[in-house]
>>> print(open('entry-v7.csv').read())   # CSV, C-alpha atoms and all ligand atoms
chain,number,residue,atom,x,y,z
A,239,MET,CA,0.0,0.0,0.0
A,240,LYS,CA,2.8,2.3,1.0
A,241,LYS,CA,4.7,1.4,-2.1
A,242,LYS,CA,1.6,2.3,-4.3
A,243,GLY,CA,1.4,5.7,-2.5
A,244,ALA,CA,5.0,6.4,-3.2
A,245,ILE,CA,4.6,5.5,-6.9
A,246,LEU,CA,1.6,7.7,-7.2
A,247,ALA,CA,3.4,10.6,-5.6
A,248,ALA,CA,6.4,10.1,-7.9
A,249,VAL,CA,4.1,10.1,-11.0
A,250,ALA,CA,2.4,13.3,-9.7
A,251,VAL,CA,5.8,15.0,-9.3
A,252,VAL,CA,6.8,13.9,-12.8
A,253,ILE,CA,3.5,15.2,-14.3
A,254,LEU,CA,3.9,18.5,-12.4
A,255,ALA,CA,7.5,18.9,-13.6
A,256,ALA,CA,6.4,18.2,-17.2
A,257,VAL,CA,3.6,20.8,-16.9
A,258,ILE,CA,6.1,23.3,-15.5
A,259,VAL,CA,8.6,22.6,-18.3
A,260,CYS,CA,5.9,22.7,-21.0
A,261,ASP,CA,4.5,26.0,-19.6
A,262,PHE,CA,8.0,27.4,-19.5
A,263,LEU,CA,8.7,26.4,-23.1
A,264,PHE,CA,5.3,27.4,-24.5
A,265,ASN,CA,5.4,30.7,-22.7
A,266,LYS,CA,9.0,31.5,-23.5
A,267,THR,CA,9.3,35.2,-24.2
A,268,VAL,CA,12.2,36.6,-26.2
A,269,SER,CA,12.9,40.2,-27.2
A,270,ASP,CA,15.3,42.2,-29.2
A,271,THR,CA,15.8,45.8,-30.3
A,272,PHE,CA,17.7,46.7,-33.5
A,273,LEU,CA,18.0,49.4,-36.1
A,274,ALA,CA,16.3,49.1,-39.6
A,275,MET,CA,14.4,51.4,-41.9
A,276,ASN,CA,16.0,54.5,-40.3
A,277,THR,CA,14.3,53.7,-37.0
A,278,THR,CA,14.3,51.4,-34.0
A,279,VAL,CA,12.6,48.1,-34.2
A,280,SER,CA,11.6,46.3,-31.0
A,281,ALA,CA,10.1,42.9,-30.9
A,282,GLU,CA,8.8,40.8,-28.0
A,283,LEU,CA,7.5,37.3,-28.9
A,284,THR,CA,6.1,34.5,-26.7
A,285,GLY,CA,5.7,30.9,-27.7
A,286,LEU,CA,7.5,27.6,-28.1
A,287,LYS,CA,9.3,28.7,-31.3
A,288,SER,CA,9.7,32.3,-30.2
A,289,GLU,CA,13.4,32.3,-30.5
A,290,ASP,CA,13.3,31.0,-34.1
A,291,ALA,CA,10.5,33.4,-35.0
A,292,LEU,CA,12.5,36.4,-33.6
A,293,THR,CA,15.5,35.5,-35.8
A,294,GLN,CA,13.3,35.3,-38.8
A,295,VAL,CA,11.4,38.5,-38.1
A,296,LYS,CA,14.7,40.3,-37.8
A,297,GLU,CA,16.1,38.7,-41.0
A,298,LYS,CA,12.9,39.6,-42.9
A,299,ILE,CA,12.8,43.2,-41.8
A,300,LEU,CA,16.5,43.7,-42.7
A,301,TYR,CA,15.9,42.1,-46.0
A,302,LEU,CA,12.9,44.3,-46.8
A,303,ASP,CA,14.9,47.4,-45.9
A,304,GLU,CA,18.1,46.6,-47.7
A,305,LYS,CA,17.0,44.5,-50.7
A,306,LEU,CA,13.5,45.9,-51.5
A,307,LEU,CA,12.3,49.2,-50.1
A,308,SER,CA,15.3,51.5,-49.3
A,309,ARG,CA,15.5,54.4,-51.7
A,310,THR,CA,19.1,55.1,-50.6
A,311,ASN,CA,20.6,51.5,-50.6
A,312,GLU,CA,22.1,50.7,-54.0
A,313,ASN,CA,21.3,47.0,-53.5
A,314,SER,CA,17.5,47.6,-53.1
A,315,GLU,CA,15.0,46.9,-55.9
A,316,ILE,CA,13.4,50.3,-55.5
A,317,TYR,CA,16.8,52.0,-55.9
A,318,SER,CA,17.2,50.1,-59.2
A,319,VAL,CA,13.7,51.2,-60.3
A,320,ASN,CA,14.5,54.8,-59.5
A,321,SER,CA,17.7,54.3,-61.6
A,322,GLY,CA,15.8,53.0,-64.6
A,323,LYS,CA,15.1,49.3,-64.1
A,324,THR,CA,11.6,48.5,-65.4
A,325,GLU,CA,11.0,44.8,-64.7
A,326,VAL,CA,10.3,44.1,-61.0
A,327,SER,CA,9.8,41.1,-58.8
A,328,ASN,CA,6.3,39.8,-58.0
A,329,GLU,CA,6.8,41.0,-54.4
A,330,LEU,CA,7.5,44.6,-55.5
A,331,ALA,CA,4.9,44.5,-58.2
A,332,SER,CA,2.1,43.5,-55.8
A,333,LEU,CA,3.1,46.3,-53.4
A,334,LEU,CA,3.1,48.8,-56.2
A,335,ASN,CA,-0.4,47.7,-57.2
A,336,VAL,CA,-1.6,48.3,-53.7
A,337,MET,CA,0.1,51.8,-53.7
A,338,LYS,CA,-1.6,52.8,-57.0
A,339,GLN,CA,-5.0,51.7,-55.6
A,340,LEU,CA,-4.4,53.8,-52.4
A,341,GLU,CA,-3.4,56.8,-54.6
A,342,LYS,CA,-6.7,56.5,-56.4
A,343,ASN,CA,-8.8,55.8,-53.3
A,344,SER,CA,-7.3,58.7,-51.4
A,345,GLY,CA,-8.0,61.1,-54.3
A,346,GLY,CA,-4.2,61.7,-54.6
A,347,ALA,CA,-3.5,62.5,-51.0
A,348,PHE,CA,-1.3,59.5,-50.9
A,349,CYS,CA,1.2,59.3,-53.7
A,350,ILE,CA,4.5,57.4,-53.7
A,351,GLY,CA,5.7,59.4,-56.7
A,352,VAL,CA,6.9,62.2,-54.3
A,353,ALA,CA,10.6,61.2,-54.0
A,354,GLN,CA,11.7,64.3,-55.9
A,355,LEU,CA,9.7,66.5,-53.5
A,356,THR,CA,11.1,64.7,-50.4
A,357,ASP,CA,14.6,65.3,-51.7
A,358,LEU,CA,13.9,68.9,-52.6
A,359,TRP,CA,12.7,69.8,-49.1
A,360,GLY,CA,15.3,67.6,-47.4
A,361,ILE,CA,13.4,67.5,-44.2
A,362,GLY,CA,15.3,65.5,-41.6
A,363,THR,CA,18.6,66.2,-43.3
A,364,GLU,CA,21.1,69.0,-42.8
A,365,TYR,CA,20.0,70.4,-46.2
A,366,ALA,CA,16.4,71.1,-45.1
A,367,ARG,CA,15.1,74.4,-46.6
A,368,VAL,CA,11.9,76.0,-48.1
A,369,PRO,CA,12.3,75.6,-51.8
A,370,ASP,CA,11.0,78.2,-54.2
A,371,GLU,CA,7.6,77.9,-55.9
A,372,ALA,CA,9.1,76.9,-59.3
A,373,GLU,CA,11.2,74.1,-57.8
A,374,ILE,CA,8.1,72.8,-56.0
A,375,LYS,CA,6.0,72.8,-59.1
A,376,ALA,CA,8.7,71.0,-61.1
A,377,ALA,CA,9.0,68.3,-58.3
A,378,ILE,CA,5.3,67.5,-58.3
A,379,LYS,CA,4.8,67.6,-62.0
A,380,ASN,CA,3.7,64.1,-63.2
A,381,CYS,CA,4.0,62.6,-59.7
A,382,TYR,CA,0.7,60.7,-60.3
A,383,ASP,CA,1.7,59.4,-63.7
A,384,TRP,CA,3.9,56.5,-62.7
A,385,GLN,CA,2.3,53.1,-63.7
A,386,ILE,CA,2.6,49.5,-62.8
A,387,ASP,CA,1.4,46.9,-65.4
A,388,GLY,CA,2.1,43.3,-64.5
A,389,ASN,CA,5.7,43.3,-63.5
A,390,THR,CA,6.6,46.4,-65.5
A,391,VAL,CA,7.0,49.8,-63.9
A,392,TYR,CA,6.8,53.1,-65.9
A,393,LEU,CA,8.3,56.3,-64.4
A,394,PRO,CA,7.8,59.5,-66.3
A,395,GLU,CA,10.8,61.8,-66.7
A,396,GLY,CA,11.8,63.2,-63.3
A,397,VAL,CA,9.5,61.0,-61.2
A,398,LYS,CA,10.9,58.6,-58.6
A,399,LEU,CA,9.3,56.4,-56.0
A,400,ASP,CA,9.4,56.8,-52.3
A,401,LEU,CA,8.0,54.0,-50.1
A,402,GLY,CA,8.8,55.8,-46.8
A,403,ALA,CA,5.1,56.0,-46.0
A,404,VAL,CA,4.5,52.2,-46.0
A,405,GLY,CA,7.8,50.4,-45.4
A,406,LYS,CA,7.3,50.2,-41.6
A,407,GLY,CA,3.8,48.9,-42.0
A,408,GLU,CA,4.9,46.4,-44.6
A,409,ALA,CA,7.6,45.2,-42.1
A,410,CYS,CA,4.8,44.6,-39.6
A,411,ASP,CA,2.9,42.4,-42.1
A,412,HIS,CA,6.0,40.3,-42.7
A,413,ALA,CA,6.5,40.0,-38.9
A,414,ASN,CA,2.8,39.0,-38.7
A,415,SER,CA,3.2,36.1,-41.2
A,416,THR,CA,6.3,34.8,-39.4
A,417,VAL,CA,4.8,34.9,-35.9
A,418,SER,CA,1.6,33.3,-37.2
A,419,PHE,CA,3.5,30.6,-39.0
A,420,LYS,CA,5.7,29.9,-35.9
A,421,ASN,CA,2.5,29.8,-33.8
A,422,CYS,CA,3.6,32.5,-31.3
A,423,LYS,CA,1.1,33.0,-28.6
A,424,GLU,CA,1.6,36.7,-28.3
A,425,SER,CA,3.7,39.1,-30.3
A,426,VAL,CA,4.3,42.8,-30.3
A,427,VAL,CA,6.6,44.2,-33.0
A,428,ALA,CA,7.1,48.0,-33.2
A,429,VAL,CA,8.8,49.4,-36.3
A,430,GLY,CA,9.1,53.1,-35.7
A,431,GLY,CA,5.5,54.4,-35.8
A,432,SER,CA,3.9,51.1,-36.9
A,433,VAL,CA,3.2,48.3,-34.4
A,434,LEU,CA,2.0,44.8,-34.9
A,435,LEU,CA,-0.2,43.4,-32.1
A,436,HIS,CA,-0.7,39.6,-32.5
A,437,SER,CA,-2.2,37.0,-30.2
A,438,THR,CA,-3.7,33.6,-30.4
A,439,VAL,CA,-5.8,34.2,-27.4
A,440,PRO,CA,-9.4,34.9,-28.5
A,441,LYS,CA,-10.5,38.5,-27.7
A,442,ALA,CA,-7.1,39.4,-26.3
A,443,LEU,CA,-6.7,43.1,-25.7
A,444,PHE,CA,-3.6,45.2,-25.9
A,445,LYS,CA,-2.9,48.7,-24.6
A,446,VAL,CA,-1.1,51.1,-26.9
A,447,GLY,CA,0.1,54.6,-25.9
A,448,ILE,CA,-0.4,57.3,-28.5
A,449,ARG,CA,2.5,59.7,-28.4
A,450,ASP,CA,1.8,63.2,-27.2
A,451,PRO,CA,2.6,65.4,-30.3
A,452,LEU,CA,3.6,68.3,-27.9
A,453,GLY,CA,5.6,66.1,-25.6
A,454,GLU,CA,8.9,64.2,-25.6
A,455,ALA,CA,9.4,61.0,-27.6
A,456,ASN,CA,8.5,58.8,-24.5
A,457,GLU,CA,5.4,60.8,-23.5
A,458,TYR,CA,1.9,59.7,-24.5
A,459,CYS,CA,-1.4,61.5,-24.3
A,460,ALA,CA,-3.9,58.7,-24.9
A,461,VAL,CA,-4.2,55.0,-24.5
A,462,LEU,CA,-5.9,52.7,-27.0
A,463,GLU,CA,-7.2,49.4,-25.8
A,464,ILE,CA,-7.7,47.2,-28.8
A,465,GLY,CA,-7.6,43.7,-30.1
A,466,GLU,CA,-5.2,42.1,-32.6
A,467,ALA,CA,-4.3,44.7,-35.2
A,468,CYS,CA,-1.7,46.8,-36.8
A,469,VAL,CA,-1.4,50.4,-35.5
A,470,SER,CA,0.4,53.2,-37.4
A,471,THR,CA,0.9,56.8,-36.5
A,472,SER,CA,1.9,59.7,-38.7
A,473,GLY,CA,2.8,62.9,-36.9
A,474,ASN,CA,4.2,66.4,-37.6
A,475,TYR,CA,6.8,65.9,-34.8
A,476,GLU,CA,8.6,63.0,-36.5
A,477,ARG,CA,10.8,65.0,-38.9
A,478,PHE,CA,10.6,68.7,-39.3
A,479,PHE,CA,12.5,72.0,-39.3
A,480,GLU,CA,11.4,75.5,-38.2
A,481,ASP,CA,12.2,78.7,-40.0
A,482,GLU,CA,13.3,82.0,-38.3
A,483,SER,CA,9.7,82.8,-37.5
A,484,GLY,CA,9.1,79.5,-35.8
A,485,LYS,CA,6.9,78.1,-38.6
A,486,ARG,CA,7.2,74.3,-38.7
A,487,TYR,CA,7.7,72.4,-42.0
A,488,HIS,CA,7.2,68.7,-41.5
A,489,HIS,CA,7.8,65.6,-43.7
A,490,ILE,CA,4.3,64.7,-44.9
A,491,PHE,CA,3.5,66.4,-48.1
A,492,ASP,CA,0.2,67.3,-49.9
A,493,PRO,CA,1.2,66.0,-53.4
A,494,SER,CA,-1.3,68.4,-55.0
A,495,THR,CA,0.5,71.5,-53.6
A,496,GLY,CA,4.0,70.2,-52.9
A,497,TYR,CA,3.9,71.8,-49.4
A,498,PRO,CA,3.8,70.0,-46.0
A,499,ALA,CA,0.1,69.0,-45.4
A,500,ASP,CA,-1.8,71.6,-43.5
A,501,SER,CA,-5.1,69.9,-42.5
A,502,GLY,CA,-5.2,71.0,-38.8
A,503,LEU,CA,-3.7,67.8,-37.5
A,504,MET,CA,-0.7,67.1,-35.3
A,505,SER,CA,-1.0,63.3,-35.7
A,506,VAL,CA,-3.2,60.5,-37.0
A,507,THR,CA,-3.2,56.9,-35.7
A,508,VAL,CA,-4.8,54.3,-37.9
A,509,VAL,CA,-5.8,50.8,-36.7
A,510,THR,CA,-6.5,48.0,-39.2
A,511,GLN,CA,-5.6,44.4,-39.8
A,512,SER,CA,-2.9,45.2,-42.5
A,513,GLY,CA,0.3,47.0,-41.5
A,514,THR,CA,0.9,48.3,-45.0
A,515,ILE,CA,-2.6,49.7,-45.2
A,516,SER,CA,-2.5,51.2,-41.7
A,517,ASP,CA,0.8,52.9,-42.5
A,518,ALA,CA,-0.4,54.2,-45.9
A,519,LEU,CA,-3.7,55.4,-44.4
A,520,SER,CA,-2.1,57.3,-41.5
A,521,THR,CA,-0.1,59.3,-44.1
A,522,ALA,CA,-3.1,59.8,-46.4
A,523,CYS,CA,-5.4,60.8,-43.5
A,524,PHE,CA,-2.8,63.3,-42.2
A,525,VAL,CA,-3.0,65.0,-45.6
A,526,LEU,CA,-6.8,64.7,-45.9
A,527,GLY,CA,-7.8,66.0,-42.5
A,528,ILE,CA,-10.6,64.4,-40.4
A,529,GLU,CA,-13.7,64.9,-42.6
A,530,LYS,CA,-12.2,63.7,-45.9
A,531,SER,CA,-10.5,60.8,-44.1
A,532,LEU,CA,-13.7,59.2,-42.9
A,533,PRO,CA,-14.9,57.6,-46.2
A,534,LEU,CA,-11.4,56.3,-46.9
A,535,LEU,CA,-11.1,54.7,-43.4
A,536,GLU,CA,-14.5,53.1,-43.9
A,537,ARG,CA,-13.5,51.7,-47.3
A,538,TYR,CA,-10.5,50.0,-45.7
A,539,ASN,CA,-12.4,49.0,-42.5
A,540,ALA,CA,-10.0,51.0,-40.4
A,541,GLU,CA,-10.4,53.0,-37.2
A,542,ALA,CA,-8.5,56.2,-36.4
A,543,VAL,CA,-7.5,58.6,-33.7
A,544,PHE,CA,-6.8,62.1,-34.8
A,545,ILE,CA,-5.0,64.7,-32.7
A,546,THR,CA,-5.8,68.2,-33.9
A,547,GLU,CA,-3.7,71.4,-33.6
A,548,ASP,CA,-6.3,72.7,-31.2
A,549,LYS,CA,-5.7,69.8,-28.8
A,550,GLN,CA,-8.7,67.7,-29.5
A,551,ILE,CA,-8.4,63.9,-29.7
A,552,ILE,CA,-11.1,62.8,-32.2
A,553,THR,CA,-11.7,59.1,-32.7
A,554,THR,CA,-13.8,56.9,-34.9
A,555,TYR,CA,-14.1,54.4,-32.0
A,556,GLY,CA,-17.3,54.8,-30.2
A,557,GLU,CA,-19.8,52.0,-30.5
A,558,LEU,CA,-17.5,49.1,-30.1
A,559,GLU,CA,-17.8,47.6,-26.7
A,560,ASN,CA,-14.3,46.4,-25.9
A,561,GLU,CA,-12.1,48.8,-27.8
A,562,THR,CA,-11.6,52.2,-26.1
A,563,VAL,CA,-9.6,55.4,-26.2
A,564,THR,CA,-8.6,57.0,-22.9
A,565,VAL,CA,-7.1,60.4,-22.7
A,566,THR,CA,-4.2,60.5,-20.2
A,567,ASN,CA,-3.1,64.2,-20.6
A,568,ASP,CA,-5.9,66.7,-19.6
A,569,ILE,CA,-4.7,69.4,-22.0
A,570,TYR,CA,-6.5,67.3,-24.6
A,571,THR,CA,-10.3,66.8,-24.9
A,572,LEU,CA,-11.8,63.7,-26.4
A,573,GLY,CA,-14.4,63.8,-29.1
A,574,GLU,CA,-16.0,61.4,-31.6
A,575,ALA,CA,-15.7,61.8,-35.4
A,576,LYS,CA,-19.1,62.3,-37.0
A,601,LIG,P1,4.7,58.4,-42.5
A,601,LIG,O1,5.6,58.9,-41.4
A,601,LIG,O2,4.4,57.0,-42.5
A,601,LIG,O3,3.5,59.3,-42.6
A,601,LIG,O4,5.5,58.6,-43.9
A,601,LIG,C1,6.1,59.8,-44.2
A,601,LIG,C2,7.1,59.6,-45.4
A,601,LIG,O5,6.4,59.2,-46.5
A,601,LIG,C3,7.8,60.9,-45.7
A,601,LIG,O6,9.0,61.0,-45.0
A,601,LIG,C4,8.0,60.7,-47.2
A,601,LIG,O7,9.1,59.9,-47.5
A,601,LIG,C5,6.8,60.0,-47.7
A,601,LIG,N1,5.6,60.9,-48.0
A,601,LIG,C6,5.4,62.2,-47.7
A,601,LIG,N2,4.3,62.6,-48.1
A,601,LIG,C7,3.7,61.6,-48.7
A,601,LIG,C8,2.4,61.4,-49.4
A,601,LIG,N3,1.5,62.4,-49.4
A,601,LIG,N4,2.1,60.2,-49.9
A,601,LIG,C9,3.0,59.2,-49.8
A,601,LIG,N5,4.2,59.3,-49.2
A,601,LIG,C10,4.5,60.5,-48.7
A,602,MG,MG,2.6,56.0,-43.1
>>> encode(input="entry-v7.csv", output="structure tokens")
Amino acid sequence: MKKKGAILAAVAVVILAAVIVCDFLFNKTVSDTFLAMNTTVSAELTGLKSEDALTQVKEKILYLDEKLLSRTNENSEIYSVNSGKTEVSNELASLLNVMKQLEKNSGGAFCIGVAQLTDLWGIGTEYARVPDEAEIKAAIKNCYDWQIDGNTVYLPEGVKLDLGAVGKGEACDHANSTVSFKNCKESVVAVGGSVLLHSTVPKALFKVGIRDPLGEANEYCAVLEIGEACVSTSGNYERFFEDESGKRYHHIFDPSTGYPADSGLMSVTVVTQSGTISDALSTACFVLGIEKSLPLLERYNAEAVFITEDKQIITTYGELENETVTVTNDIYTLGEAK
């Protein structure tokens, strides 16, 4: 009898140990921070294969940056396109098709044919300046006329492509495929202003701070509580310069005027299931302003949080039960987009 009790106890200990080991392995959390796409990437993944997934996420983001999307890296495909190459990979062709669609759907507020304009203003570089009217007109001429047909790209004279508005969101999508394939339980991957929130737990909620446009880089003014999604923010504080009178010139341009967008916003945060779309929409909505953004957001099934120059936080969230926006800095007031 005593012997049977001892055996049972031993079995229980073994089972408990196995449960502890399994729990440890399945809930193994790994994290890393590295530089890519001119920004900091930080990833925290939990799951049995989290270590493997993290290595792949890092490799994929570096590959995207260096071999596909970077406009300044001579080894990247977009660099070759801007230098005259016309036949592109399926990967780039499908991204360019999405870009053309976004350009049309945003009424031209979003346009990747703005590389010349970005270079002309040089915002974020030591050469930043206010160009004269003629230079601006020349830089935006034909910017909408680039085309993608199958795997062939056509760039009019003087037009170059700039994927700076979507690269970080695209990186989140690649991270998403990897963590899903590796069955990670929970993953948060932040690529500059775009963040992937992924979980296998049904109805899991994440808290995301929205940066205070008037504060320092680590200060936020609102908290979003949302489910699995990609979240991208575009803001006038990311890259800018000020002239002698204190007027701020930031890096998000209205392609129809060639000047930094002036729609009364300091930032826009867009939440949707695709990183590429959330990143592109945050840029487009920054140009469009609140009212004109609403049909575009609806079209892509996206939600947004706008922060206006007069310190209002206007959100499209409202009726959803679980997902909330909470203002954490009382210089801002919360309102709903109508
Ligand atoms: P984001 O911070 O995602 O809004 O992206 C801003 C970057 O996208 C800029 O630094 C430019 O490289 C590029 N860009 C600026 N204006 C536009 C625009 N209207 N449409 C597409 N890309 C733009
Ligand atoms: Mg963007």
>>> residues_near_ligand(input="entry-v7.csv", ligand="ligand MG 602 (chain A)", cutoff="9 Å", atoms="all atoms listed in the file", output="list in words")
Gly402, Ala403, Val404, Gly405, Lys406, Gly407, Gly431, Ser432, Ser470, Thr471, Ser472, Thr514, Ile515, Ser516, Asp517, Ala518, Leu519, Ser520, Thr521 and Ala522 of chain A
>>> residues_around(input="entry-v7.csv", residues="A:Glu329", least_positions_apart="3", cutoff="12 Å", atoms="all atoms listed in the file", output="ChimeraX atom specification")
/A:302,305-307,315-316,325-326,332-336,388-389,408,412
>>> write_last_selection(input="entry-v7.csv", atoms="C-alpha atoms", output="mmCIF file, in the coordinates of the input")
data_model
loop_
_atom_site.group_PDB
_atom_site.id
_atom_site.type_symbol
_atom_site.label_atom_id
_atom_site.label_comp_id
_atom_site.auth_asym_id
_atom_site.auth_seq_id
_atom_site.Cartn_x
_atom_site.Cartn_y
_atom_site.Cartn_z
ATOM 1 C CA LEU A 302 12.900 44.300 -46.800
ATOM 2 C CA LYS A 305 17.000 44.500 -50.700
ATOM 3 C CA LEU A 306 13.500 45.900 -51.500
ATOM 4 C CA LEU A 307 12.300 49.200 -50.100
ATOM 5 C CA GLU A 315 15.000 46.900 -55.900
ATOM 6 C CA ILE A 316 13.400 50.300 -55.500
ATOM 7 C CA GLU A 325 11.000 44.800 -64.700
ATOM 8 C CA VAL A 326 10.300 44.100 -61.000
ATOM 9 C CA SER A 332 2.100 43.500 -55.800
ATOM 10 C CA LEU A 333 3.100 46.300 -53.400
ATOM 11 C CA LEU A 334 3.100 48.800 -56.200
ATOM 12 C CA ASN A 335 -0.400 47.700 -57.200
ATOM 13 C CA VAL A 336 -1.600 48.300 -53.700
ATOM 14 C CA GLY A 388 2.100 43.300 -64.500
ATOM 15 C CA ASN A 389 5.700 43.300 -63.500
ATOM 16 C CA GLU A 408 4.900 46.400 -44.600
ATOM 17 C CA HIS A 412 6.000 40.300 -42.700
#
>>> residues_around(input="entry-v7.csv", residues="A:Gly447", least_positions_apart="6", cutoff="6 Å", atoms="all atoms listed in the file", output="list of chain:residue names")
A:Tyr458, A:Ala460, A:Val461
>>> write_last_selection(input="entry-v7.csv", atoms="C-alpha atoms", output="PDB file, in the coordinates of the input")
ATOM      1  CA  TYR A 458       1.900  59.700 -24.500  1.00  0.00           C
ATOM      2  CA  ALA A 460      -3.900  58.700 -24.900  1.00  0.00           C
ATOM      3  CA  VAL A 461      -4.200  55.000 -24.500  1.00  0.00           C
TER       4      VAL A 461
END
>>> atom_distance(input="entry-v7.csv", atom1="atom CA of A:Thr566", atom2="atom CA of A:Glu457")
10.2 Å
>>> residues_around(input="entry-v7.csv", residues="A:Tyr382", least_positions_apart="5", cutoff="9 Å", atoms="only C-alpha atoms", output="list in words")
Lys338, Glu341, Gly346, Cys349, Ile350, Gly351, Val352, Val397 and Pro493 of chain A
>>> atom_distance(input="entry-v7.csv", atom1="atom CA of A:Val429", atom2="atom CA of A:Pro533")
27.0 Å
>>> closest_residue(input="entry-v7.csv", among="A:Asp450, A:Glu574, A:Glu561, A:Glu480", to="A:Val543", atoms="all atoms listed in the file")
A:Glu574
>>> residues_around(input="entry-v7.csv", residues="stretch 494-500 of chain A", least_positions_apart="4", cutoff="12 Å", atoms="all atoms listed in the file", output="PDB file with C-alpha atoms, in the coordinates of the input")
ATOM      1  CA  GLU A 341      -3.400  56.800 -54.600  1.00  0.00           C
ATOM      2  CA  SER A 344      -7.300  58.700 -51.400  1.00  0.00           C
ATOM      3  CA  GLY A 345      -8.000  61.100 -54.300  1.00  0.00           C
ATOM      4  CA  GLY A 346      -4.200  61.700 -54.600  1.00  0.00           C
ATOM      5  CA  ALA A 347      -3.500  62.500 -51.000  1.00  0.00           C
ATOM      6  CA  PHE A 348      -1.300  59.500 -50.900  1.00  0.00           C
ATOM      7  CA  CYS A 349       1.200  59.300 -53.700  1.00  0.00           C
ATOM      8  CA  GLY A 351       5.700  59.400 -56.700  1.00  0.00           C
ATOM      9  CA  VAL A 352       6.900  62.200 -54.300  1.00  0.00           C
ATOM     10  CA  ALA A 353      10.600  61.200 -54.000  1.00  0.00           C
ATOM     11  CA  GLN A 354      11.700  64.300 -55.900  1.00  0.00           C
ATOM     12  CA  LEU A 355       9.700  66.500 -53.500  1.00  0.00           C
ATOM     13  CA  THR A 356      11.100  64.700 -50.400  1.00  0.00           C
ATOM     14  CA  ASP A 357      14.600  65.300 -51.700  1.00  0.00           C
ATOM     15  CA  LEU A 358      13.900  68.900 -52.600  1.00  0.00           C
ATOM     16  CA  TRP A 359      12.700  69.800 -49.100  1.00  0.00           C
ATOM     17  CA  GLY A 360      15.300  67.600 -47.400  1.00  0.00           C
ATOM     18  CA  ILE A 361      13.400  67.500 -44.200  1.00  0.00           C
ATOM     19  CA  ARG A 367      15.100  74.400 -46.600  1.00  0.00           C
ATOM     20  CA  VAL A 368      11.900  76.000 -48.100  1.00  0.00           C
ATOM     21  CA  PRO A 369      12.300  75.600 -51.800  1.00  0.00           C
ATOM     22  CA  ASP A 370      11.000  78.200 -54.200  1.00  0.00           C
ATOM     23  CA  GLU A 371       7.600  77.900 -55.900  1.00  0.00           C
ATOM     24  CA  ALA A 372       9.100  76.900 -59.300  1.00  0.00           C
ATOM     25  CA  GLU A 373      11.200  74.100 -57.800  1.00  0.00           C
ATOM     26  CA  ILE A 374       8.100  72.800 -56.000  1.00  0.00           C
ATOM     27  CA  LYS A 375       6.000  72.800 -59.100  1.00  0.00           C
ATOM     28  CA  ALA A 376       8.700  71.000 -61.100  1.00  0.00           C
ATOM     29  CA  ALA A 377       9.000  68.300 -58.300  1.00  0.00           C
ATOM     30  CA  ILE A 378       5.300  67.500 -58.300  1.00  0.00           C
ATOM     31  CA  LYS A 379       4.800  67.600 -62.000  1.00  0.00           C
ATOM     32  CA  ASN A 380       3.700  64.100 -63.200  1.00  0.00           C
ATOM     33  CA  CYS A 381       4.000  62.600 -59.700  1.00  0.00           C
ATOM     34  CA  TYR A 382       0.700  60.700 -60.300  1.00  0.00           C
ATOM     35  CA  SER A 472       1.900  59.700 -38.700  1.00  0.00           C
ATOM     36  CA  GLY A 473       2.800  62.900 -36.900  1.00  0.00           C
ATOM     37  CA  ASN A 474       4.200  66.400 -37.600  1.00  0.00           C
ATOM     38  CA  ARG A 477      10.800  65.000 -38.900  1.00  0.00           C
ATOM     39  CA  PHE A 478      10.600  68.700 -39.300  1.00  0.00           C
ATOM     40  CA  PHE A 479      12.500  72.000 -39.300  1.00  0.00           C
ATOM     41  CA  LYS A 485       6.900  78.100 -38.600  1.00  0.00           C
ATOM     42  CA  ARG A 486       7.200  74.300 -38.700  1.00  0.00           C
ATOM     43  CA  TYR A 487       7.700  72.400 -42.000  1.00  0.00           C
ATOM     44  CA  HIS A 488       7.200  68.700 -41.500  1.00  0.00           C
ATOM     45  CA  HIS A 489       7.800  65.600 -43.700  1.00  0.00           C
ATOM     46  CA  ILE A 490       4.300  64.700 -44.900  1.00  0.00           C
ATOM     47  CA  MET A 504      -0.700  67.100 -35.300  1.00  0.00           C
ATOM     48  CA  SER A 505      -1.000  63.300 -35.700  1.00  0.00           C
ATOM     49  CA  THR A 521      -0.100  59.300 -44.100  1.00  0.00           C
ATOM     50  CA  ALA A 522      -3.100  59.800 -46.400  1.00  0.00           C
ATOM     51  CA  CYS A 523      -5.400  60.800 -43.500  1.00  0.00           C
ATOM     52  CA  PHE A 524      -2.800  63.300 -42.200  1.00  0.00           C
ATOM     53  CA  VAL A 525      -3.000  65.000 -45.600  1.00  0.00           C
ATOM     54  CA  LEU A 526      -6.800  64.700 -45.900  1.00  0.00           C
ATOM     55  CA  GLY A 527      -7.800  66.000 -42.500  1.00  0.00           C
ATOM     56  CA  ILE A 528     -10.600  64.400 -40.400  1.00  0.00           C
ATOM     57  CA  THR A 546      -5.800  68.200 -33.900  1.00  0.00           C
ATOM     58  CA  GLU A 547      -3.700  71.400 -33.600  1.00  0.00           C
TER      59      GLU A 547
END
>>> closest_residue(input="entry-v7.csv", among="A:Gly430, A:Gly396, A:Pro451, A:Gly484", to="A:Ala409", atoms="all atoms listed in the file")
A:Gly430
>>> closest_residue(input="entry-v7.csv", among="A:Ile448, A:Leu443, A:Val506, A:Val391", to="ligand LIG 601 (chain A)", atoms="all atoms listed in the file")
A:Val506
>>> atom_distance(input="entry-v7.csv", atom1="atom CA of A:Val319", atom2="atom CA of A:Lys298")
20.9 Å
>>> closest_residue(input="entry-v7.csv", among="A:Asp400, A:Glu282, A:Glu424, A:Asp383", to="ligand LIG 601 (chain A)", atoms="only C-alpha atoms and all ligand atoms")
A:Asp400
>>> closest_residue(input="entry-v7.csv", among="A:Ser437, A:Thr554, A:Ser308, A:Asn276", to="A:Gly362", atoms="all atoms listed in the file")
A:Asn276
